[in-house]
Amino acid sequence: MAGSTPASATASPVAARPAKSTSLWAEAWRRFKRHRLAYWSLWLLGALVAAVLIGPLVYKVGINDVDFAQKLATPSAAHPMGTDDLGRDLLARVLYGGRISLAVGLAAMLMAITVGVTIGAVAGMARGWVDAALMWVTDLFLSLPQLPLLLLLIFLFREPLKQAFGLEVGIFILIVVVIGGFRWMPVARLVRAQFFSLREKEFVEAARALGASVPRQVVRHILPNSLGPVIVAGTIDIAAAIIAESTLSFLGLGFPPDVPTWGRILYDGRDYMDLAMHWALFPGIAIFLTVLTINFIGDGLRDALDPRRVL
Amino acid sequence: MINYIIRRLLIALPSLLGISVVLFTVLALAPGDPFEDLANNPNVPPEVRMALRAQFGLDDPIWQRYLHWLGSMLKGDWGFSFISRINVDTLISQRIGVTIAVIGMSQLVALLVALPVGVLAAVKPYSWFDRIASTLAFVGFSLPTFFTGVLFILLFSVQLGWLPFVYRSDLSSTGWQWWVDQFKQSIMPITVLGLFQAASWMRYVRSAVLDVIRLDYVTTARSKGLGERAVVNKHVVRNALIPVVTLVALQMPAVFGGAIVTEQIFRIPGIGSLLIDAILRNDTPVIMAVTFVFSCLVIFFNLVADVLYGWLDPRISYR
C-alpha cells in the first residue's frame, strides 16, 4: 500500500468496521468487478459454458444426422449455424465440440498446475542442488519447441493409447497429458519465487517455532498465500490449452475426424470457404470468444488477487 | 563482446544436449518396432529380423544407442526420407530458407507495430489510444493463428480476390513481376504471424515502458530541458527494451508453433509443412530431424537474444 494513495476506507474509524468485516474473497470480488471487461467476460463465458453443457439437452439434433438434401445449407431457422458437406447440423456439432474443448482446457490446466506447484514447491523448500536441478529442467522445457514435440509425441503414442483406453479416451488422455506437460514451467517458477520469499516471513517462522512440520508449514501457511498468481496462471493456461487442442485438431492430428472438436470443424470447413463460409466461421468464433473471455478474466483476476493493489 | 558470445555459446551447448536427450528418450520410449512390418511378412524369417535388429543396434543398451545416434546427427548423417527418397539434410536445406524468411519478416512486422504502439500507449497510460490499443492487443493474441489465417483468406482471397491464397515456390513470372508476385503471396502469411506476435509484444513493451518512465533519471532528463521525444527515444526506450528482449526470447517456441500453422494454412513449402506431411505419412527420420532443427533454431534465437541483451545493457557484458 505504501501510503501513496490515501486509504479512504481506513481514514475514519467509523468506516473501518465494515471494511474489516469483508472477507479476503469478497474484497477480491469487489476489485474484480471494477475490471469491467473481465466482469462482462465472466458473464459471457458463463453463458458459453452453460450453452455447451445444457445446449445438447435442449437442442436435440444428432451430431451425426446426415441429410444430403440440406448439404452446405446457410444458417436458417432449422439449422441456426447451417450444415456441413454431409448435411450435419453445425450448431449441434459446435455445442458438442465445446464440451471437448472445455474439458481438454480444464484437464490440461489442472495437470499443468499440479506439476508446476509440486515442482515449484519442492524447489522452493529444498533449495541447494535439488533446486538447481529442477530449475535446469524447467529452463530446458521452456526452450523446447513445443508444437513440433507435441506433434511428435502424439504421432508416437497415439496408436498404443488408442488400443489401451479406446479411441476417444486414449486421445483425450494423450492430448491432456502432453499439453499439460508443456505448460507447467511458468507455474513452477512462480511458485518457487513465492516460496522463497514466504518461507522467510514471520508467520511461517512462528509456525516453525510452534513445531509445525515442513508439510504442515507448506500446506497450511505457505501454499495458500502463494495461490494468487497460480490462479491467474491457471486461468490463462485454460485458454492456452484450448488453443493448443484446436491447433492440433486443425493440423489433423488431434481427435479422430468423427469427433467434432472446434478445431476439427474449422479444419474441415476450411476447404469450403468459398461455398459455405459459415462452416469455418462459427467454430472459429467459438474458440475466439472462449479464449478472449478467459484471457480477460485472467487479467481481471491479476488485478483482484494482487494484494499490493489499492483500487 | 566476443568473449561474452563465446561464453553464451558454451552455455547453449548443454541445453542442446539436454534437448537431444529428451528427443531420443521420446523416441526410445515410444512403443512400436521399426521392423514391425517385417514381423507380419511371411517371407521374412524371424532370424533375419533379429539379425537386422542387431545390425541396426536396436539390441544395444540405451546409452550406447544414444551416443551412436548423437554421433551420426553431429556428422550430418540425418538419415533418408522414406517418402521423398532423398537424404533428410538435403530435404531440410531445400525447405528451411522459406521458413526462416517468413519468420524473420513477421518478426520485423511485429516489431514495427509493437514498438511504436506500445511506447505511445505507455507514454499516455489510460488514454483513449492506450485503451483501444490494449483491447486490440487482447483480441490479437486471443485469435489463434489458424483462425486469423482462415479469416484473411476468406476476406482477401475469396471475397475481394486481391491476394493468392496458395504460396508458390515456383512462380512463373520473371524480373520485376516476380518481386510483385512474391510480395503479394507473402503478405498474408507474414501479417498473420506478425500481428499475433505484435499483440503480445505490445503488452510487454507497454508495461516495460511504464516501469521505466517513472524512474528518477527520466525526471532528471526532463528537468535538464530535453524534449519529450528525446527523453522517450534516447532514455526510456532503450532501458525498457531490456526486459522485453528476455520475454521475446521466451516466446520463440510459440513463434515456431505459429509458423508451422501458418505454413500449413497457406501451403508454404517450409519445414513446418514438411513436418506435418512427414507425420501424416509416418516418415520418422524427417520428423526427428525437423524437430531437432526447430530445437536448434530456438536455442539459436535465445542466443541472439542474449547477445542483444548484452548490447542493450552494457553492465552485463563484462560480468
# chains A, B, ... in the order shown; residues from 1 in each chain; ligands from 1
$ residues_around --residues "B:Gln197" --least-positions-apart "6" --cutoff "9 Å" --atoms "only C-alpha atoms" --output "VMD selection string"
chain B and resid 106 to 107 109 to 111 114 140 to 141 251 255
$ interface_residues --of "chain B" --to "chain A" --cutoff "7 Å" --atoms "only C-alpha atoms" --output "PyMOL selection string"
chain B and resi 15+19+30+139+142-144+147+150+154+158+253+257+279+291+294-295+298-299
$ residues_around --residues "A:Trp184" --least-positions-apart "4" --cutoff "10 Å" --atoms "only C-alpha atoms" --output "list in words"
Ala108, Met109, Leu110, Met111, Ala112, Ile113, Thr114, Val115, Gly116, Val117, Thr118, Ile119, Gly120, Thr138, Phe141, Leu142, Ile179, Gly180, Ala188, Arg189, Ala233, Gly234 and Asp237 of chain A
$ write_last_selection --atoms "C-alpha atoms" --output "JSON list (two decimals), in the first residue's frame"
[["chain", "number", "residue", "atom", "x", "y", "z"],
["A", 108, "ALA", "CA", -4.72, -29.76, -19.09],
["A", 109, "MET", "CA", -4.76, -26.74, -16.77],
["A", 110, "LEU", "CA", -5.16, -29.00, -13.71],
["A", 111, "MET", "CA", -2.30, -31.14, -14.93],
["A", 112, "ALA", "CA", -0.06, -28.11, -15.54],
["A", 113, "ILE", "CA", -0.92, -26.59, -12.16],
["A", 114, "THR", "CA", -0.37, -29.84, -10.28],
["A", 115, "VAL", "CA", 3.02, -30.48, -11.84],
["A", 116, "GLY", "CA", 4.03, -26.83, -11.62],
["A", 117, "VAL", "CA", 3.04, -26.38, -7.99],
["A", 118, "THR", "CA", 4.73, -29.64, -6.98],
["A", 119, "ILE", "CA", 8.00, -28.86, -8.73],
["A", 120, "GLY", "CA", 7.97, -25.22, -7.64],
["A", 138, "THR", "CA", 12.36, -26.09, -16.09],
["A", 141, "PHE", "CA", 11.43, -27.38, -21.01],
["A", 142, "LEU", "CA", 10.99, -23.67, -21.65],
["A", 179, "ILE", "CA", -0.43, -30.14, -23.41],
["A", 180, "GLY", "CA", -0.32, -30.06, -19.60],
["A", 188, "ALA", "CA", 6.79, -23.81, -11.24],
["A", 189, "ARG", "CA", 8.85, -20.63, -11.48],
["A", 233, "ALA", "CA", -1.61, -18.53, -14.47],
["A", 234, "GLY", "CA", -4.12, -21.38, -14.33],
["A", 237, "ASP", "CA", -3.48, -21.89, -19.13]]
$ residues_around --residues "A:His221" --least-positions-apart "3" --cutoff "10 Å" --atoms "only C-alpha atoms" --output "PyMOL selection string"
chain A and resi 198-199+203-204+207+212+215-218+224-226
$ select_by_dssp --residues "stretch 56-222 of chain A" --states "helix (DSSP H, G or I)" --output "ChimeraX atom specification"
/A:56-58,68-70,90-126,128-142,146-165,167-181,185-198,202-209,214-222
$ atom_distance --atom1 "atom CA of A:Arg34" --atom2 "atom CA of B:Arg131"
15.2 Å
